[in-house]
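Asker: Following this message is one structure expressed as structure tokens.
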Amino acid sequence: MTDIAARYIAVWNETDAVRRRQLVDELFTEDATYTDPLADVTGRDGIDALIAGAQQQFAGLAFTAPAEADAHHDIARFHWHLNAPGEVEPVAIGFDVVRVSGDRISSVLGFLDRVPG
């Protein structure tokens, strides 16, 4: 499951649209869902568009995982930080819970602990 979390962070950091879509297709099931306080989308198209929008809104920032994922059965949870290059203090902090089907994510439930003002 640690691999799933690392792949998930990599998708959010991939700025090449073609490569990002390839990673989305490899990581998420066709009918995957993503829900957080700001978004509720279904399917790879919706997830890819959501990530593209976040990258546009937070251009130049990168996601990192401050700790390893915690997992059991088909569920994993992990924190993420959104940082400006060279900055220690994150711009945003979140916590995601993913459900996995095989080697793909079938759902993401996201929580925002800190968001930019």
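So you can find residues: chains in the structure tokens are A, B, ... in the order shown, residues in each start at 1, and ligands are numbered from 1 in order.
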So that I can check the surroundings of Thr2 in chain A, please list as a list in words every protein, DNA and RNA residue that reaches within 9 Å of it, counting only C-alpha atoms and ignoring chain neighbours fewer than 5 positions away.
Answerer: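 Here the answer would be Arg7, Glu68, Ala69, Asp70, Ala71 and Ala76 of chain A.
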Asker: Name the residues in contact with range 25-39 of chain A at a cut-off of 8 Å, using only C-alpha atoms, excluding same-chain residues fewer than 5 positions from it; report them as a list in words.
Answerer: Ile4, Arg7, Tyr8, Arg44, Ile47, Leu50, Ser101, Asp103, Arg104, Ile105, Ser106, Ser107, Val108, Leu109, Gly110, Phe111 and Leu112 of chain A
Asker: Those residues you just picked out, can you put them in a file as a PDB file, in the first residue's frame with N, CA and C atoms?
Answerer:
```
ATOM      1  N   ILE A   4       1.043   2.490  -3.432  1.00  0.00           N
ATOM      2  CA  ILE A   4      -0.162   3.197  -3.892  1.00  0.00           C
ATOM      3  C   ILE A   4      -0.087   4.668  -3.491  1.00  0.00           C
ATOM      4  N   ARG A   7       2.504   6.470  -5.620  1.00  0.00           N
ATOM      5  CA  ARG A   7       1.984   6.657  -6.982  1.00  0.00           C
ATOM      6  C   ARG A   7       0.920   7.764  -7.014  1.00  0.00           C
ATOM      7  N   TYR A   8       0.114   7.822  -5.973  1.00  0.00           N
ATOM      8  CA  TYR A   8      -0.929   8.844  -5.862  1.00  0.00           C
ATOM      9  C   TYR A   8      -0.308  10.245  -5.801  1.00  0.00           C
ATOM     10  N   ARG A  44     -12.167   8.545 -14.265  1.00  0.00           N
ATOM     11  CA  ARG A  44     -10.812   9.018 -14.540  1.00  0.00           C
ATOM     12  C   ARG A  44     -10.793  10.409 -15.155  1.00  0.00           C
ATOM     13  N   ILE A  47     -11.296  12.888 -12.310  1.00  0.00           N
ATOM     14  CA  ILE A  47     -10.115  12.954 -11.444  1.00  0.00           C
ATOM     15  C   ILE A  47      -8.984  13.686 -12.143  1.00  0.00           C
ATOM     16  N   LEU A  50      -9.772  17.366 -12.168  1.00  0.00           N
ATOM     17  CA  LEU A  50      -9.594  17.919 -10.828  1.00  0.00           C
ATOM     18  C   LEU A  50      -8.122  18.194 -10.537  1.00  0.00           C
ATOM     19  N   SER A 101      -8.744  -1.501  -5.138  1.00  0.00           N
ATOM     20  CA  SER A 101      -9.277  -2.702  -5.764  1.00  0.00           C
ATOM     21  C   SER A 101      -8.169  -3.269  -6.634  1.00  0.00           C
ATOM     22  N   ASP A 103      -4.714  -3.440  -7.757  1.00  0.00           N
ATOM     23  CA  ASP A 103      -3.597  -2.496  -7.624  1.00  0.00           C
ATOM     24  C   ASP A 103      -4.006  -1.085  -8.010  1.00  0.00           C
ATOM     25  N   ARG A 104      -5.323  -0.822  -7.996  1.00  0.00           N
ATOM     26  CA  ARG A 104      -5.836   0.496  -8.378  1.00  0.00           C
ATOM     27  C   ARG A 104      -6.712   1.077  -7.286  1.00  0.00           C
ATOM     28  N   ILE A 105      -6.743   2.395  -7.249  1.00  0.00           N
ATOM     29  CA  ILE A 105      -7.592   3.105  -6.290  1.00  0.00           C
ATOM     30  C   ILE A 105      -9.018   3.162  -6.839  1.00  0.00           C
ATOM     31  N   SER A 106      -9.980   2.777  -5.998  1.00  0.00           N
ATOM     32  CA  SER A 106     -11.379   2.853  -6.401  1.00  0.00           C
ATOM     33  C   SER A 106     -12.104   4.037  -5.757  1.00  0.00           C
ATOM     34  N   SER A 107     -11.570   4.541  -4.646  1.00  0.00           N
ATOM     35  CA  SER A 107     -12.172   5.741  -4.054  1.00  0.00           C
ATOM     36  C   SER A 107     -11.150   6.482  -3.203  1.00  0.00           C
ATOM     37  N   VAL A 108     -11.334   7.798  -3.171  1.00  0.00           N
ATOM     38  CA  VAL A 108     -10.518   8.682  -2.344  1.00  0.00           C
ATOM     39  C   VAL A 108     -11.474   9.540  -1.527  1.00  0.00           C
ATOM     40  N   LEU A 109     -11.218   9.586  -0.222  1.00  0.00           N
ATOM     41  CA  LEU A 109     -11.928  10.501   0.667  1.00  0.00           C
ATOM     42  C   LEU A 109     -10.875  11.435   1.230  1.00  0.00           C
ATOM     43  N   GLY A 110     -10.966  12.703   0.881  1.00  0.00           N
ATOM     44  CA  GLY A 110      -9.946  13.669   1.278  1.00  0.00           C
ATOM     45  C   GLY A 110     -10.443  14.622   2.339  1.00  0.00           C
ATOM     46  N   PHE A 111      -9.526  14.981   3.228  1.00  0.00           N
ATOM     47  CA  PHE A 111      -9.792  15.940   4.283  1.00  0.00           C
ATOM     48  C   PHE A 111      -8.731  17.017   4.232  1.00  0.00           C
ATOM     49  N   LEU A 112      -9.143  18.269   4.387  1.00  0.00           N
ATOM     50  CA  LEU A 112      -8.221  19.399   4.331  1.00  0.00           C
ATOM     51  C   LEU A 112      -8.006  19.923   5.740  1.00  0.00           C
TER      52      LEU A 112
END
```
Asker: Going by DSSP on the backbone, which residues of chain A come out as strand (DSSP E or B)? List them as a PyMOL selection string.
Answerer: chain A and resi 28-36+39-42+62-64+70-72+75-83+92-101+104-114
Asker: Write the residues of the selection above to a file with C-alpha atoms, as a short mmCIF file (atom, residue, chain, number, x, y, z; two decimals), in the first residue's frame.
Answerer:
```cif
data_model
loop_
_atom_site.label_atom_id
_atom_site.label_comp_id
_atom_site.auth_asym_id
_atom_site.auth_seq_id
_atom_site.Cartn_x
_atom_site.Cartn_y
_atom_site.Cartn_z
CA PHE A 28 -7.46 4.58 -10.70
CA THR A 29 -10.28 2.21 -11.59
CA GLU A 30 -12.54 3.42 -14.42
CA ASP A 31 -15.34 4.32 -12.00
CA ALA A 32 -13.13 5.66 -9.20
CA THR A 33 -14.55 8.42 -7.01
CA TYR A 34 -12.82 11.37 -5.38
CA THR A 35 -14.53 13.37 -2.63
CA ASP A 36 -13.15 16.16 -0.46
CA ALA A 39 -14.81 18.44 -4.95
CA ASP A 40 -16.88 15.36 -5.70
CA VAL A 41 -16.00 13.68 -8.99
CA THR A 42 -16.39 10.25 -10.55
CA ALA A 62 4.49 20.19 -5.11
CA PHE A 63 2.84 17.51 -3.00
CA THR A 64 4.87 15.43 -0.56
CA ASP A 70 -0.96 3.33 7.21
CA ALA A 71 -2.95 0.47 5.70
CA HIS A 72 -5.04 -2.57 6.41
CA ILE A 75 -7.76 0.72 2.78
CA ALA A 76 -4.86 3.13 3.25
CA ARG A 77 -4.58 6.54 4.87
CA PHE A 78 -1.83 9.10 4.57
CA HIS A 79 -1.09 12.77 5.09
CA TRP A 80 0.15 15.07 2.38
CA HIS A 81 1.69 18.51 2.30
CA LEU A 82 1.63 21.06 -0.50
CA ASN A 83 4.85 23.03 -0.49
CA ALA A 92 -1.73 23.24 2.58
CA ILE A 93 -2.00 20.05 4.61
CA GLY A 94 -4.40 17.20 4.01
CA PHE A 95 -5.26 13.66 4.89
CA ASP A 96 -6.59 11.12 2.37
CA VAL A 97 -8.15 7.71 2.77
CA VAL A 98 -8.11 5.46 -0.28
CA ARG A 99 -9.84 2.19 -1.02
CA VAL A 100 -7.95 -0.10 -3.35
CA SER A 101 -9.28 -2.70 -5.76
CA ARG A 104 -5.84 0.50 -8.38
CA ILE A 105 -7.59 3.10 -6.29
CA SER A 106 -11.38 2.85 -6.40
CA SER A 107 -12.17 5.74 -4.05
CA VAL A 108 -10.52 8.68 -2.34
CA LEU A 109 -11.93 10.50 0.67
CA GLY A 110 -9.95 13.67 1.28
CA PHE A 111 -9.79 15.94 4.28
CA LEU A 112 -8.22 19.40 4.33
CA ASP A 113 -6.45 20.24 7.57
CA ARG A 114 -5.01 23.54 6.36
#
```
Asker: Once DSSP has gone over the backbone, tell me which residues of chain A are in helix (DSSP H, G or I), as a PyMOL selection string.
Answerer: chain A and resi 2-13+17-27+43-57
Asker: Calculated over only C-alpha atoms, which of the candidates A:Gly60, A:Ala67, A:Gly117, A:Gly46 has the smallest distance to Gly86 in chain A?
Answerer: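 Checking each of A:Gly60, A:Ala67, A:Gly117, A:Gly46 against Gly86 in chain A, counting only C-alpha atoms, the winner is A:Gly60.
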Asker: May I ask which of the residues A:His73, A:Val11, A:Gln22, A:Pro85 is the closest one to Ala59 in chain A, counting only C-alpha atoms?
Answerer: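 Checking each of A:His73, A:Val11, A:Gln22, A:Pro85 against Ala59 in chain A, counting only C-alpha atoms, the winner is A:Pro85.
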Asker: Could you check how far CA of Met1 in chain A sits from CA of Gly102 in chain A, in Å to one decimal?
Answerer: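 Going from CA of Met1 in chain A over to CA of Gly102 in chain A, I get 10.7 Å.
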Asker: What gap, in Å, lies between CA of Thr15 in chain A and CA of Ala65 in chain A?
Answerer: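 Atom-to-atom, CA of Thr15 in chain A and CA of Ala65 in chain A are spaced 17.8 Å apart.
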Asker: So the first atom is CA of Asp45 in chain A and the second is CA of Ala6 in chain A; what is the distance between them in Å, to one decimal place?
Answerer: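 It comes out at 20.8 Å.
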Asker: Choose the residue, out of A:Val24, A:Trp12, A:Val88, A:Pro66, that has the smallest atom-to-atom separation from Gly53 in chain A; count only C-alpha atoms.
Answerer: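 Checking each of A:Val24, A:Trp12, A:Val88, A:Pro66 against Gly53 in chain A, counting only C-alpha atoms, the winner is A:Trp12.
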